[in-house]
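> Contents of protein.txt (compact mmCIF, N, CA and C atoms and all ligand atoms) are given next:
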# COMPACT_ATOMS: atom_id res chain seq x y z
N THR A 1251 0.85 -1.19 0.00
CA THR A 1251 0.00 0.00 0.00
C THR A 1251 0.89 1.25 0.00
N ALA A 1252 1.58 1.46 -1.14
CA ALA A 1252 2.44 2.65 -1.27
C ALA A 1252 1.57 3.90 -1.37
N PRO A 1253 2.03 5.01 -0.83
CA PRO A 1253 1.27 6.26 -0.99
C PRO A 1253 1.22 6.67 -2.45
N PRO A 1254 0.14 7.35 -2.88
CA PRO A 1254 0.01 7.75 -4.29
C PRO A 1254 1.09 8.76 -4.65
N PRO A 1255 1.63 8.69 -5.87
CA PRO A 1255 2.63 9.69 -6.28
C PRO A 1255 2.02 11.09 -6.31
N LEU A 1256 2.81 12.07 -5.94
CA LEU A 1256 2.31 13.44 -5.84
C LEU A 1256 2.73 14.27 -7.06
N HIS A 1257 1.90 15.25 -7.35
CA HIS A 1257 2.14 16.12 -8.51
C HIS A 1257 2.11 17.57 -8.08
N LYS A 1258 3.05 18.34 -8.64
CA LYS A 1258 3.13 19.77 -8.34
C LYS A 1258 2.19 20.54 -9.27
N VAL A 1259 1.54 21.55 -8.73
CA VAL A 1259 0.87 22.56 -9.57
C VAL A 1259 1.81 23.74 -9.67
N ILE A 1260 2.08 24.17 -10.90
CA ILE A 1260 3.04 25.24 -11.16
C ILE A 1260 2.35 26.42 -11.81
N LEU A 1261 2.60 27.60 -11.26
CA LEU A 1261 2.09 28.86 -11.80
C LEU A 1261 3.15 29.46 -12.72
N LEU A 1262 2.76 29.80 -13.95
CA LEU A 1262 3.70 30.38 -14.92
C LEU A 1262 3.46 31.88 -15.06
N ASN A 1263 4.54 32.63 -15.16
CA ASN A 1263 4.42 34.07 -15.37
C ASN A 1263 3.99 34.38 -16.81
N ASP A 1264 3.35 35.52 -16.99
CA ASP A 1264 3.10 36.06 -18.33
C ASP A 1264 3.12 37.57 -18.20
N ASP A 1265 3.08 38.28 -19.33
CA ASP A 1265 3.21 39.75 -19.30
C ASP A 1265 1.87 40.48 -19.22
N PHE A 1266 0.76 39.76 -19.21
CA PHE A 1266 -0.54 40.39 -19.40
C PHE A 1266 -1.51 40.27 -18.23
N THR A 1267 -1.48 39.16 -17.53
CA THR A 1267 -2.46 38.97 -16.45
C THR A 1267 -2.14 39.93 -15.30
N PRO A 1268 -3.14 40.69 -14.83
CA PRO A 1268 -2.89 41.61 -13.72
C PRO A 1268 -2.50 40.87 -12.44
N ARG A 1269 -1.59 41.48 -11.68
CA ARG A 1269 -1.12 40.85 -10.44
C ARG A 1269 -2.27 40.54 -9.49
N ASP A 1270 -3.19 41.47 -9.34
CA ASP A 1270 -4.27 41.23 -8.37
C ASP A 1270 -5.21 40.13 -8.82
N PHE A 1271 -5.31 39.91 -10.13
CA PHE A 1271 -6.13 38.79 -10.60
C PHE A 1271 -5.45 37.46 -10.26
N VAL A 1272 -4.13 37.38 -10.42
CA VAL A 1272 -3.39 36.16 -10.06
C VAL A 1272 -3.60 35.85 -8.57
N VAL A 1273 -3.51 36.88 -7.75
CA VAL A 1273 -3.72 36.70 -6.30
C VAL A 1273 -5.14 36.20 -6.03
N ARG A 1274 -6.12 36.76 -6.75
CA ARG A 1274 -7.51 36.35 -6.55
C ARG A 1274 -7.71 34.86 -6.89
N VAL A 1275 -7.10 34.42 -8.00
CA VAL A 1275 -7.22 33.01 -8.40
C VAL A 1275 -6.55 32.10 -7.37
N LEU A 1276 -5.38 32.48 -6.90
CA LEU A 1276 -4.68 31.65 -5.91
C LEU A 1276 -5.49 31.52 -4.62
N LYS A 1277 -6.13 32.61 -4.20
CA LYS A 1277 -6.95 32.56 -2.99
C LYS A 1277 -8.17 31.67 -3.19
N ALA A 1278 -8.80 31.78 -4.37
CA ALA A 1278 -10.05 31.06 -4.62
C ALA A 1278 -9.81 29.57 -4.81
N GLU A 1279 -8.80 29.21 -5.58
CA GLU A 1279 -8.64 27.80 -5.97
C GLU A 1279 -7.72 27.03 -5.02
N PHE A 1280 -6.81 27.74 -4.37
CA PHE A 1280 -5.83 27.06 -3.52
C PHE A 1280 -5.95 27.45 -2.04
N HIS A 1281 -7.01 28.18 -1.71
CA HIS A 1281 -7.31 28.51 -0.32
C HIS A 1281 -6.14 29.17 0.38
N MET A 1282 -5.46 30.06 -0.33
CA MET A 1282 -4.33 30.79 0.27
C MET A 1282 -4.82 32.08 0.91
N SER A 1283 -4.05 32.53 1.92
CA SER A 1283 -4.27 33.86 2.48
C SER A 1283 -3.77 34.90 1.48
N GLU A 1284 -4.13 36.16 1.71
CA GLU A 1284 -3.65 37.26 0.88
C GLU A 1284 -2.12 37.27 0.84
N ASP A 1285 -1.49 37.09 2.01
CA ASP A 1285 -0.03 37.12 2.09
C ASP A 1285 0.61 35.97 1.33
N GLN A 1286 0.08 34.76 1.52
CA GLN A 1286 0.61 33.59 0.81
C GLN A 1286 0.48 33.78 -0.70
N ALA A 1287 -0.73 34.21 -1.12
CA ALA A 1287 -1.00 34.35 -2.55
C ALA A 1287 -0.11 35.43 -3.17
N SER A 1288 0.10 36.53 -2.46
CA SER A 1288 0.95 37.61 -2.96
C SER A 1288 2.39 37.13 -3.11
N HIS A 1289 2.85 36.33 -2.16
CA HIS A 1289 4.22 35.82 -2.20
C HIS A 1289 4.42 34.88 -3.38
N VAL A 1290 3.47 33.97 -3.60
CA VAL A 1290 3.57 33.03 -4.73
C VAL A 1290 3.51 33.79 -6.06
N MET A 1291 2.60 34.77 -6.15
CA MET A 1291 2.48 35.56 -7.38
C MET A 1291 3.79 36.28 -7.68
N LEU A 1292 4.39 36.92 -6.65
CA LEU A 1292 5.63 37.67 -6.86
C LEU A 1292 6.79 36.75 -7.23
N THR A 1293 6.82 35.55 -6.67
CA THR A 1293 7.87 34.59 -7.01
C THR A 1293 7.76 34.20 -8.48
N ALA A 1294 6.54 33.89 -8.94
CA ALA A 1294 6.34 33.56 -10.36
C ALA A 1294 6.69 34.76 -11.24
N HIS A 1295 6.30 35.94 -10.79
CA HIS A 1295 6.55 37.17 -11.56
C HIS A 1295 8.04 37.40 -11.76
N THR A 1296 8.84 37.17 -10.73
CA THR A 1296 10.28 37.46 -10.81
C THR A 1296 11.10 36.29 -11.33
N LYS A 1297 10.68 35.06 -11.04
CA LYS A 1297 11.49 33.89 -11.42
C LYS A 1297 10.96 33.17 -12.67
N GLY A 1298 9.72 33.48 -13.06
CA GLY A 1298 9.15 32.84 -14.24
C GLY A 1298 8.13 31.77 -13.92
N SER A 1299 8.29 31.13 -12.75
CA SER A 1299 7.31 30.12 -12.33
C SER A 1299 7.43 29.93 -10.83
N CYS A 1300 6.40 29.30 -10.25
CA CYS A 1300 6.43 29.03 -8.81
C CYS A 1300 5.55 27.81 -8.53
N VAL A 1301 6.03 26.92 -7.68
CA VAL A 1301 5.19 25.80 -7.24
C VAL A 1301 4.11 26.33 -6.30
N VAL A 1302 2.87 26.02 -6.64
CA VAL A 1302 1.73 26.50 -5.86
C VAL A 1302 1.38 25.52 -4.76
N GLY A 1303 1.52 24.22 -5.05
CA GLY A 1303 1.17 23.20 -4.07
C GLY A 1303 1.44 21.83 -4.65
N VAL A 1304 1.32 20.82 -3.79
CA VAL A 1304 1.58 19.43 -4.18
C VAL A 1304 0.39 18.59 -3.75
N PHE A 1305 -0.14 17.81 -4.70
CA PHE A 1305 -1.40 17.08 -4.49
C PHE A 1305 -1.32 15.73 -5.19
N THR A 1306 -2.31 14.87 -4.96
CA THR A 1306 -2.42 13.67 -5.80
C THR A 1306 -2.67 14.12 -7.24
N ARG A 1307 -2.41 13.23 -8.20
CA ARG A 1307 -2.45 13.64 -9.61
C ARG A 1307 -3.79 14.25 -10.01
N GLU A 1308 -4.87 13.56 -9.64
CA GLU A 1308 -6.19 14.05 -10.07
C GLU A 1308 -6.51 15.41 -9.46
N VAL A 1309 -6.21 15.59 -8.19
CA VAL A 1309 -6.48 16.88 -7.53
C VAL A 1309 -5.63 17.97 -8.17
N ALA A 1310 -4.35 17.67 -8.42
CA ALA A 1310 -3.46 18.66 -9.05
C ALA A 1310 -3.99 19.07 -10.42
N GLU A 1311 -4.39 18.09 -11.22
CA GLU A 1311 -4.88 18.39 -12.57
C GLU A 1311 -6.18 19.19 -12.53
N ASN A 1312 -7.08 18.82 -11.63
CA ASN A 1312 -8.35 19.56 -11.52
C ASN A 1312 -8.11 21.00 -11.08
N LYS A 1313 -7.23 21.20 -10.11
CA LYS A 1313 -6.96 22.56 -9.64
C LYS A 1313 -6.31 23.40 -10.74
N ALA A 1314 -5.36 22.81 -11.45
CA ALA A 1314 -4.69 23.54 -12.54
C ALA A 1314 -5.69 23.91 -13.63
N THR A 1315 -6.57 22.98 -13.98
CA THR A 1315 -7.59 23.24 -15.01
C THR A 1315 -8.56 24.33 -14.55
N ASN A 1316 -9.06 24.22 -13.33
CA ASN A 1316 -10.03 25.21 -12.83
C ASN A 1316 -9.41 26.61 -12.75
N ALA A 1317 -8.18 26.69 -12.25
CA ALA A 1317 -7.52 27.98 -12.09
C ALA A 1317 -7.26 28.61 -13.47
N THR A 1318 -6.81 27.80 -14.42
CA THR A 1318 -6.56 28.30 -15.77
C THR A 1318 -7.87 28.75 -16.41
N GLU A 1319 -8.95 28.00 -16.16
CA GLU A 1319 -10.26 28.34 -16.72
C GLU A 1319 -10.79 29.67 -16.18
N MET A 1320 -10.54 29.94 -14.89
CA MET A 1320 -10.94 31.23 -14.31
C MET A 1320 -10.33 32.38 -15.12
N ALA A 1321 -9.06 32.21 -15.50
CA ALA A 1321 -8.37 33.25 -16.26
C ALA A 1321 -8.92 33.36 -17.69
N ARG A 1322 -9.18 32.22 -18.32
CA ARG A 1322 -9.71 32.24 -19.71
C ARG A 1322 -11.04 32.97 -19.77
N LYS A 1323 -11.87 32.78 -18.74
CA LYS A 1323 -13.18 33.44 -18.72
C LYS A 1323 -13.04 34.95 -18.71
N GLU A 1324 -11.91 35.44 -18.17
CA GLU A 1324 -11.66 36.88 -18.13
C GLU A 1324 -10.78 37.33 -19.31
N GLY A 1325 -10.39 36.38 -20.17
CA GLY A 1325 -9.57 36.72 -21.33
C GLY A 1325 -8.09 36.86 -21.04
N TYR A 1326 -7.62 36.33 -19.92
CA TYR A 1326 -6.20 36.41 -19.56
C TYR A 1326 -5.46 35.13 -19.93
N PRO A 1327 -4.15 35.23 -20.27
CA PRO A 1327 -3.38 34.05 -20.69
C PRO A 1327 -2.77 33.27 -19.53
N LEU A 1328 -3.11 33.61 -18.31
CA LEU A 1328 -2.54 32.95 -17.12
C LEU A 1328 -2.63 31.43 -17.25
N LEU A 1329 -1.51 30.75 -16.91
CA LEU A 1329 -1.46 29.29 -17.09
C LEU A 1329 -0.91 28.59 -15.85
N PHE A 1330 -1.61 27.54 -15.45
CA PHE A 1330 -1.17 26.61 -14.42
C PHE A 1330 -0.91 25.26 -15.08
N THR A 1331 0.23 24.64 -14.74
CA THR A 1331 0.53 23.31 -15.26
C THR A 1331 0.77 22.36 -14.10
N THR A 1332 0.92 21.08 -14.41
CA THR A 1332 1.26 20.09 -13.37
C THR A 1332 2.46 19.29 -13.82
N GLU A 1333 3.21 18.77 -12.86
CA GLU A 1333 4.26 17.80 -13.18
C GLU A 1333 4.49 16.89 -11.99
N PRO A 1334 4.89 15.63 -12.26
CA PRO A 1334 5.12 14.68 -11.16
C PRO A 1334 6.25 15.20 -10.26
N GLU A 1335 6.11 14.98 -8.97
CA GLU A 1335 7.17 15.36 -8.04
C GLU A 1335 8.30 14.35 -8.12
N GLU A 1336 9.53 14.83 -7.94
CA GLU A 1336 10.73 13.95 -8.00
C GLU A 1336 10.64 12.86 -6.94
N1 LIG B 1 3.70 39.49 -14.83
C1 LIG B 1 2.33 39.95 -14.62
C2 LIG B 1 2.29 41.48 -14.68
O1 LIG B 1 3.31 42.12 -14.59
C3 LIG B 1 1.78 39.48 -13.26
C4 LIG B 1 1.85 38.00 -13.13
C5 LIG B 1 2.48 37.43 -12.01
C6 LIG B 1 1.28 37.17 -14.09
C7 LIG B 1 2.55 36.04 -11.87
C8 LIG B 1 1.36 35.76 -13.95
O2 LIG B 1 2.06 33.86 -12.70
C9 LIG B 1 2.00 35.22 -12.84
N2 LIG B 1 1.09 42.03 -14.82
Could you show the structure in this file as structure tokens?
Ligand code: TYC

Amino acid sequence: TAPPPLHKVILLNDDFTPRDFVVRVLKAEFHMSEDQASHVMLTAHTKGSCVVGVFTREVAENKATNATEMARKEGYPLLFTTEPEE
């Protein structure tokens, strides 16, 4: 009964999505505080990407899809991806 492999959700920077919208998505989909969400947003903004959280594969994929969809509905290119954890 090995534990299920975990997957990272990764936030990617872009030049168009407003900072406060990124923070809003992080709070809504990943249950972050304002401070946590601002820190993750700024890390992605300066470094190009940031790990948002680590979940089972299905949860990670659903969160990445939902968060990306929130941005598409507003016309922003914001993108969340997933990858298996090492
Ligand atoms: N770079 C965006 C801007 O300057 C803000 C942003 C931050 C977008 C993080 C995406 O993952 C991101 N408006």
> Quick one: DSSP helix (DSSP H, G or I) residues in chain A, as a VMD selection string?
chain A and resid 1269 to 1280 1284 to 1297 1307 to 1323
> Could you list, as a list in words, all protein and nucleic acid residues with an atom at most 6 Å from ligand LIG 1 (chain B), counting all atoms listed in the file?
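Listed by chain and ascending number, the contacts are Leu1261, Leu1262, Asn1263, Asp1264, Asp1265, Phe1266, Thr1267, Pro1268, Arg1269, Met1291, Leu1292, Ala1294, His1295 and Leu1328 of chain A.
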> Choose the residue, out of A:His1281, A:Phe1330, A:Ala1252, A:Arg1322, that has the smallest atom-to-atom separation from Cys1300 in chain A; count only C-alpha atoms.
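Using only C-alpha atoms, Cys1300 in chain A sits closest to A:Phe1330.
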> A:Glu1311, A:Val1301, A:Asn1316, A:Glu1324: which is nearest Ile1260 in chain A, counting only N, CA and C atoms?
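Among A:Glu1311, A:Val1301, A:Asn1316, A:Glu1324, it is A:Val1301 that comes nearest to Ile1260 in chain A.
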> Looking at only N, CA and C atoms, which of A:Thr1306, A:Thr1296, A:Ser1283, A:Thr1318 is the one that sits closest to Pro1255 in chain A?
A:Thr1306
> Counting all atoms listed in the file, figure out which residue out of A:Val1309, A:Leu1256, A:Ala1321, A:Ala1287 gets nearest to Pro1334 in chain A.
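Answer, going by the shortest atom-to-atom distance: A:Leu1256.
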